[in-house]
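Participant: Below is structure35.cif; it holds mmCIF, C-alpha atoms and all ligand atoms.
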data_input
loop_
_atom_site.group_PDB
_atom_site.id
_atom_site.type_symbol
_atom_site.label_atom_id
_atom_site.label_comp_id
_atom_site.auth_asym_id
_atom_site.auth_seq_id
_atom_site.Cartn_x
_atom_site.Cartn_y
_atom_site.Cartn_z
ATOM 1 C CA MET A 183 7.779 13.494 -5.217
ATOM 2 C CA LYS A 184 5.441 10.916 -6.736
ATOM 3 C CA ILE A 185 3.888 8.258 -4.525
ATOM 4 C CA ILE A 186 1.227 5.723 -5.488
ATOM 5 C CA ILE A 187 -0.936 3.582 -3.245
ATOM 6 C CA ILE A 188 -1.811 0.229 -4.821
ATOM 7 C CA ASN A 189 -4.539 -1.809 -3.152
ATOM 8 C CA GLY A 190 -5.255 -5.388 -4.089
ATOM 9 C CA PRO A 191 -8.315 -7.639 -3.997
ATOM 10 C CA ASN A 192 -11.352 -6.879 -1.847
ATOM 11 C CA LEU A 193 -9.895 -3.612 -0.588
ATOM 12 C CA ASN A 194 -12.453 -1.810 -2.774
ATOM 13 C CA LEU A 195 -14.950 -2.977 -0.132
ATOM 14 C CA LEU A 196 -13.267 -1.192 2.781
ATOM 15 C CA GLY A 197 -15.941 0.338 4.996
ATOM 16 C CA LYS A 198 -18.363 -2.489 4.160
ATOM 17 C CA ARG A 199 -16.081 -5.489 4.420
ATOM 18 C CA GLU A 200 -15.674 -7.076 7.893
ATOM 19 C CA PRO A 201 -15.729 -3.671 9.660
ATOM 20 C CA SER A 202 -14.653 -5.232 12.965
ATOM 21 C CA ILE A 203 -11.307 -6.036 11.270
ATOM 22 C CA TYR A 204 -10.947 -3.322 8.622
ATOM 23 C CA GLY A 205 -12.975 -0.398 10.050
ATOM 24 C CA ASN A 206 -15.904 1.643 8.781
ATOM 25 C CA GLN A 207 -14.213 4.041 6.408
ATOM 26 C CA SER A 208 -14.123 3.566 2.638
ATOM 27 C CA PHE A 209 -10.712 3.942 1.030
ATOM 28 C CA GLU A 210 -12.045 6.734 -1.186
ATOM 29 C CA GLN A 211 -12.976 8.766 1.933
ATOM 30 C CA PHE A 212 -9.623 8.024 3.520
ATOM 31 C CA PHE A 213 -7.751 8.893 0.313
ATOM 32 C CA GLU A 214 -9.489 12.308 0.261
ATOM 33 C CA SER A 215 -8.120 12.977 3.747
ATOM 34 C CA LEU A 216 -4.634 11.908 2.593
ATOM 35 C CA GLN A 217 -4.916 14.301 -0.362
ATOM 36 C CA LYS A 218 -5.826 17.138 2.020
ATOM 37 C CA GLN A 219 -2.923 16.273 4.307
ATOM 38 C CA PHE A 220 -0.213 15.653 1.686
ATOM 39 C CA GLY A 221 -1.611 16.741 -1.692
ATOM 40 C CA SER A 222 0.143 20.113 -1.791
ATOM 41 C CA ALA A 223 3.536 18.608 -0.884
ATOM 42 C CA ILE A 224 3.581 15.415 -2.968
ATOM 43 C CA GLU A 225 1.898 13.902 -6.020
ATOM 44 C CA LEU A 226 -0.230 11.157 -4.546
ATOM 45 C CA SER A 227 -2.253 8.691 -6.610
ATOM 46 C CA TYR A 228 -4.318 5.607 -5.915
ATOM 47 C CA PHE A 229 -4.992 2.400 -7.848
ATOM 48 C CA GLN A 230 -7.058 -0.610 -6.832
ATOM 49 C CA SER A 231 -7.593 -3.889 -8.631
ATOM 50 C CA ASN A 232 -8.937 -7.304 -7.812
ATOM 51 C CA SER A 233 -6.805 -8.843 -10.520
ATOM 52 C CA GLU A 234 -3.225 -10.039 -10.120
ATOM 53 C CA GLY A 235 -2.182 -9.141 -13.677
ATOM 54 C CA ALA A 236 -3.505 -5.580 -13.384
ATOM 55 C CA ILE A 237 -1.508 -5.071 -10.176
ATOM 56 C CA ILE A 238 1.642 -6.372 -11.885
ATOM 57 C CA ASP A 239 1.033 -4.094 -14.888
ATOM 58 C CA LYS A 240 0.622 -1.080 -12.575
ATOM 59 C CA ILE A 241 3.845 -1.904 -10.675
ATOM 60 C CA HIS A 242 5.680 -2.088 -14.049
ATOM 61 C CA GLU A 243 4.072 1.190 -15.195
ATOM 62 C CA VAL A 244 5.072 3.244 -12.145
ATOM 63 C CA GLY A 245 8.115 1.288 -10.986
ATOM 64 C CA PHE A 246 10.713 3.307 -12.906
ATOM 65 C CA SER A 247 9.204 6.783 -12.568
ATOM 66 C CA HIS A 248 7.714 7.072 -9.068
ATOM 67 C CA ASP A 249 9.557 7.704 -5.811
ATOM 68 C CA GLY A 250 7.503 5.284 -3.761
ATOM 69 C CA ILE A 251 4.913 2.541 -4.000
ATOM 70 C CA ILE A 252 2.709 1.709 -1.032
ATOM 71 C CA LEU A 253 1.269 -1.749 -1.619
ATOM 72 C CA ASN A 254 -1.457 -3.580 0.214
ATOM 73 C CA GLY A 255 -1.706 -6.720 -1.899
ATOM 74 C CA GLY A 256 -4.543 -8.165 0.215
ATOM 75 C CA ALA A 257 -4.652 -11.952 -0.044
ATOM 76 C CA TYR A 258 -2.199 -11.927 -2.986
ATOM 77 C CA SER A 259 0.486 -11.079 -0.417
ATOM 78 C CA HIS A 260 0.164 -14.643 0.825
ATOM 79 C CA THR A 261 -0.018 -16.326 -2.591
ATOM 80 C CA SER A 262 1.557 -14.336 -5.416
ATOM 81 C CA ILE A 263 5.129 -15.061 -6.435
ATOM 82 C CA ALA A 264 4.375 -13.117 -9.644
ATOM 83 C CA ILE A 265 3.676 -9.858 -7.752
ATOM 84 C CA ALA A 266 6.741 -10.501 -5.571
ATOM 85 C CA ASP A 267 8.806 -10.806 -8.768
ATOM 86 C CA ALA A 268 7.344 -7.499 -10.043
ATOM 87 C CA ILE A 269 8.339 -5.752 -6.789
ATOM 88 C CA ALA A 270 11.873 -7.118 -7.141
ATOM 89 C CA ALA A 271 12.009 -6.150 -10.827
ATOM 90 C CA VAL A 272 11.341 -2.426 -10.478
ATOM 91 C CA GLU A 273 13.530 0.390 -9.129
ATOM 92 C CA THR A 274 10.912 2.229 -7.063
ATOM 93 C CA PRO A 275 11.015 1.198 -3.403
ATOM 94 C CA VAL A 276 7.869 -0.513 -2.120
ATOM 95 C CA VAL A 277 6.455 -0.288 1.396
ATOM 96 C CA GLU A 278 4.058 -3.129 2.180
ATOM 97 C CA VAL A 279 1.031 -2.236 4.298
ATOM 98 C CA HIS A 280 -1.537 -4.446 5.989
ATOM 99 C CA ILE A 281 -4.433 -2.812 7.800
ATOM 100 C CA SER A 282 -4.983 -5.706 10.186
ATOM 101 C CA ASN A 283 -2.371 -7.388 12.350
ATOM 102 C CA VAL A 284 -1.873 -10.417 10.123
ATOM 103 C CA TYR A 285 0.305 -12.033 12.824
ATOM 104 C CA ALA A 286 -2.681 -12.165 15.180
ATOM 105 C CA ARG A 287 -4.855 -13.902 12.555
ATOM 106 C CA GLU A 288 -4.898 -17.215 10.664
ATOM 107 C CA THR A 289 -1.540 -18.881 10.052
ATOM 108 C CA PHE A 290 -1.891 -18.524 6.263
ATOM 109 C CA ARG A 291 -1.811 -14.713 6.666
ATOM 110 C CA GLN A 292 1.470 -14.800 8.544
ATOM 111 C CA HIS A 293 3.673 -15.169 5.488
ATOM 112 C CA SER A 294 3.979 -12.581 2.720
ATOM 113 C CA TYR A 295 5.840 -13.319 -0.499
ATOM 114 C CA PHE A 296 6.351 -9.559 -0.874
ATOM 115 C CA SER A 297 8.121 -8.583 2.346
ATOM 116 C CA ALA A 298 11.643 -9.712 1.439
ATOM 117 C CA SER A 299 11.671 -7.438 -1.619
ATOM 118 C CA CYS A 300 10.084 -4.462 0.159
ATOM 119 C CA LYS A 301 11.831 -1.538 1.791
ATOM 120 C CA GLY A 302 9.681 -2.006 4.880
ATOM 121 C CA VAL A 303 6.450 -3.439 6.187
ATOM 122 C CA ILE A 304 3.717 -1.776 8.275
ATOM 123 C CA VAL A 305 1.199 -4.121 9.847
ATOM 124 C CA GLY A 306 -1.813 -3.830 12.133
ATOM 125 C CA LEU A 307 -2.103 -0.054 12.519
ATOM 126 C CA GLY A 308 -5.305 0.332 10.516
ATOM 127 C CA LEU A 309 -5.530 2.902 7.740
ATOM 128 C CA GLN A 310 -2.931 4.922 9.627
ATOM 129 C CA GLY A 311 -0.412 2.446 8.155
ATOM 130 C CA TYR A 312 -0.765 4.192 4.769
ATOM 131 C CA THR A 313 -0.123 7.585 6.391
ATOM 132 C CA LEU A 314 2.976 6.235 8.104
ATOM 133 C CA ALA A 315 4.215 4.754 4.825
ATOM 134 C CA ILE A 316 3.883 8.169 3.119
ATOM 135 C CA LEU A 317 5.721 9.814 6.018
ATOM 136 C CA SER A 318 8.507 7.230 5.723
ATOM 137 C CA PHE A 319 9.058 8.226 2.074
ATOM 138 C CA ILE A 320 9.010 11.941 2.993
ATOM 139 C CA LEU A 321 11.517 11.405 5.824
ATOM 140 C CA GLY A 322 13.728 9.356 3.478
ATOM 141 C CA HIS A 323 13.585 12.176 0.919
ATOM 142 C CA ARG A 324 14.511 14.756 3.588
ATOM 143 C CA ALA A 325 17.386 12.584 4.792
ATOM 144 C CA GLN A 326 18.774 12.836 1.251
ATOM 145 C CA GLY A 327 18.582 16.619 1.303
ATOM 146 C CA GLY A 328 15.025 17.063 0.009
ATOM 147 C CA ASN A 329 12.827 19.808 1.398
ATOM 148 C CA ILE A 330 9.243 18.584 1.535
ATOM 149 C CA GLN A 331 7.100 20.329 4.139
ATOM 150 C CA VAL A 332 3.868 18.736 5.388
HETATM 151 C C1 LIG A 401 -4.923 -7.432 4.459
HETATM 152 C C2 LIG A 401 -4.642 -8.767 5.161
HETATM 153 C C3 LIG A 401 -4.799 -9.921 4.194
HETATM 154 O O1 LIG A 401 -4.557 -11.153 4.858
HETATM 155 C C4 LIG A 401 -6.203 -9.955 3.637
HETATM 156 O O2 LIG A 401 -6.323 -10.987 2.682
HETATM 157 C C5 LIG A 401 -6.633 -8.646 3.076
HETATM 158 C C6 LIG A 401 -6.274 -7.427 3.793
HETATM 159 C C7 LIG A 401 -4.872 -6.251 5.440
HETATM 160 O O3 LIG A 401 -4.785 -5.126 4.970
HETATM 161 O O4 LIG A 401 -4.953 -6.452 6.657
HETATM 162 O O5 LIG A 401 -7.335 -8.575 2.078
HETATM 163 O O6 LIG A 401 -3.908 -7.216 3.479
#
How would this structure read if it were set down as structure tokens?
Facilitator:
Amino acid sequence: MKIIIINGPNLNLLGKREPSIYGNQSFEQFFESLQKQFGSAIELSYFQSNSEGAIIDKIHEVGFSHDGIILNGGAYSHTSIAIADAIAAVETPVVEVHISNVYARETFRQHSYFSASCKGVIVGLGLQGYTLAILSFILGHRAQGGNIQV
């Protein structure tokens, strides 16, 4: 099973960026721990970009071959109809993740253009949200008769 995590703008600064909101761990460190946890059972990859077009291109690239996309679009979640259209255009199901509880923050963070086209949304559980998104794809696969052990 192939799953990709796509992170949008400013998420390359995790660990340094507003640690009281986003924590102290870099995504690279966290991704290593995900690889240790899931790497033998699934093919897990990671892509980050600060640019809207690059995120759209990546969704197009993986959206007909992968089994799952985990997308934290950062601030583009609240602004980008173009990324929302890309999510709707591809076959691969997308789980939207936000590290912080966007509903407890500024009003402009409380709407995502992506959510309606996503399979599900995980909000406010920190980096653990990515782990839960992976588990949701594995459980979905098992429910369809797959046999992935983690
Ligand atoms: C975020 C929430 C967004 O509002 C913000 O712009 C981000 C990160 C989150 O993971 O909590 O960059 O997507």
Participant: Under the rule of at most 9 Å, produce a per-residue listing of chain A near ligand LIG 401 (chain A): chain, number, name, the closest pair of atoms, and the distance in Å, as JSON lines, using all atoms listed in the file.
Facilitator:
{"residue": "A:Asn189", "atom": "CA", "partner": "A:LIG401", "partner_atom": "O6", "distance": 8.6}
{"residue": "A:Gly190", "atom": "CA", "partner": "A:LIG401", "partner_atom": "O5", "distance": 7.2}
{"residue": "A:Pro191", "atom": "CA", "partner": "A:LIG401", "partner_atom": "O5", "distance": 6.2}
{"residue": "A:Asn192", "atom": "CA", "partner": "A:LIG401", "partner_atom": "O5", "distance": 5.9}
{"residue": "A:Leu193", "atom": "CA", "partner": "A:LIG401", "partner_atom": "O5", "distance": 6.2}
{"residue": "A:Ile203", "atom": "CA", "partner": "A:LIG401", "partner_atom": "O4", "distance": 7.9}
{"residue": "A:Tyr204", "atom": "CA", "partner": "A:LIG401", "partner_atom": "O4", "distance": 7.0}
{"residue": "A:Asn254", "atom": "CA", "partner": "A:LIG401", "partner_atom": "O6", "distance": 5.5}
{"residue": "A:Gly255", "atom": "CA", "partner": "A:LIG401", "partner_atom": "O6", "distance": 5.8}
{"residue": "A:Gly256", "atom": "CA", "partner": "A:LIG401", "partner_atom": "O5", "distance": 3.4}
{"residue": "A:Ala257", "atom": "CA", "partner": "A:LIG401", "partner_atom": "O2", "distance": 3.3}
{"residue": "A:Tyr258", "atom": "CA", "partner": "A:LIG401", "partner_atom": "O2", "distance": 7.1}
{"residue": "A:Ser259", "atom": "CA", "partner": "A:LIG401", "partner_atom": "O6", "distance": 7.0}
{"residue": "A:His260", "atom": "CA", "partner": "A:LIG401", "partner_atom": "O1", "distance": 7.1}
{"residue": "A:Val279", "atom": "CA", "partner": "A:LIG401", "partner_atom": "O3", "distance": 6.5}
{"residue": "A:His280", "atom": "CA", "partner": "A:LIG401", "partner_atom": "O3", "distance": 3.5}
{"residue": "A:Ile281", "atom": "CA", "partner": "A:LIG401", "partner_atom": "O3", "distance": 3.7}
{"residue": "A:Ser282", "atom": "CA", "partner": "A:LIG401", "partner_atom": "O4", "distance": 3.6}
{"residue": "A:Asn283", "atom": "CA", "partner": "A:LIG401", "partner_atom": "O4", "distance": 6.3}
{"residue": "A:Val284", "atom": "CA", "partner": "A:LIG401", "partner_atom": "C2", "distance": 5.9}
{"residue": "A:Arg287", "atom": "CA", "partner": "A:LIG401", "partner_atom": "O1", "distance": 8.2}
{"residue": "A:Glu288", "atom": "CA", "partner": "A:LIG401", "partner_atom": "O1", "distance": 8.4}
{"residue": "A:Phe290", "atom": "CA", "partner": "A:LIG401", "partner_atom": "O1", "distance": 8.0}
{"residue": "A:Arg291", "atom": "CA", "partner": "A:LIG401", "partner_atom": "O1", "distance": 4.8}
{"residue": "A:Gln292", "atom": "CA", "partner": "A:LIG401", "partner_atom": "O1", "distance": 8.0}
{"residue": "A:Ser294", "atom": "CA", "partner": "A:LIG401", "partner_atom": "O1", "distance": 8.9}
{"residue": "A:Val305", "atom": "CA", "partner": "A:LIG401", "partner_atom": "O4", "distance": 7.3}
{"residue": "A:Gly306", "atom": "CA", "partner": "A:LIG401", "partner_atom": "O4", "distance": 6.8}
{"residue": "A:Gly308", "atom": "CA", "partner": "A:LIG401", "partner_atom": "O3", "distance": 7.8}
{"residue": "A:Leu309", "atom": "CA", "partner": "A:LIG401", "partner_atom": "O3", "distance": 8.5}
Participant: Any chance you could work out the axis-aligned box around region 210-214 of chain A, listed atoms only, 3 Å on each side, giving centre and edge lengths in Å to one decimal, as lines of an AutoDock Vina configuration file?
Facilitator:
center_x = -10.4
center_y = 9.5
center_z = 1.2
size_x = 11.2
size_y = 11.6
size_z = 10.7
Participant: Have a look at A:Ile330, A:Leu196, A:Leu253, A:Val276 and name the one nearest to Ser222 (chain A); count all atoms listed in the file.
Facilitator: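 Nearest candidate to Ser222 (chain A) out of A:Ile330, A:Leu196, A:Leu253, A:Val276: A:Ile330.
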Participant: Between A:Leu314, A:Ile252, A:Ile320, A:Leu216, single out the one closest to Ile186 (chain A), counting all atoms listed in the file.
Facilitator: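 That would be A:Ile252, the residue with the smallest distance to Ile186 (chain A).
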Participant: Excluding same-chain residues fewer than 3 positions from Ala268 (chain A), what lies within 12 Å of it counting all atoms listed in the file, as a ChimeraX atom specification?
Facilitator: /A:234-246,251,253,262-265,271-276,295-296,299-300
Participant: Find the distance between CA of Glu225 (chain A) and CA of His248 (chain A) and write it in Å to one decimal.
Facilitator: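 If I compute the distance from CA of Glu225 (chain A) to CA of His248 (chain A), I get 9.5 Å.
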Participant: Counting only C-alpha atoms, figure out which residue out of A:Asn194, A:Ser318, A:Gln310, A:Ser297 gets nearest to Ser231 (chain A).
Facilitator: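 Comparing A:Asn194, A:Ser318, A:Gln310, A:Ser297 against Ser231 (chain A), the winner is A:Asn194.
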Participant: Which of these, A:Ile185, A:Leu195, A:Leu321, A:Val303, has the shortest distance to Ser227 (chain A) once you count all atoms listed in the file?
Facilitator: A:Ile185
Participant: Find, counting only C-alpha atoms, the residue in A:Ala315, A:His293, A:Ile188, A:Phe212 that gets nearest to Ser233 (chain A).
Facilitator: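 Closest residue, counting only C-alpha atoms: A:Ile188.
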Participant: Nearest to Ile187 (chain A): which of A:Gly205, A:Gly221, A:Gly302, A:Gly250 is it, counting all atoms listed in the file?
Facilitator: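 Of A:Gly205, A:Gly221, A:Gly302, A:Gly250, the one nearest Ile187 (chain A), counting all atoms listed in the file, is A:Gly250.
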Participant: Which distance in Å separates CA of His323 (chain A) and CA of Leu226 (chain A), to one decimal?
Facilitator: 14.9 Å
Participant: Do you have the CA of Phe319 (chain A)-CA of Gln207 (chain A) distance handy?
Facilitator: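 These two atoms are separated by 24.0 Å.
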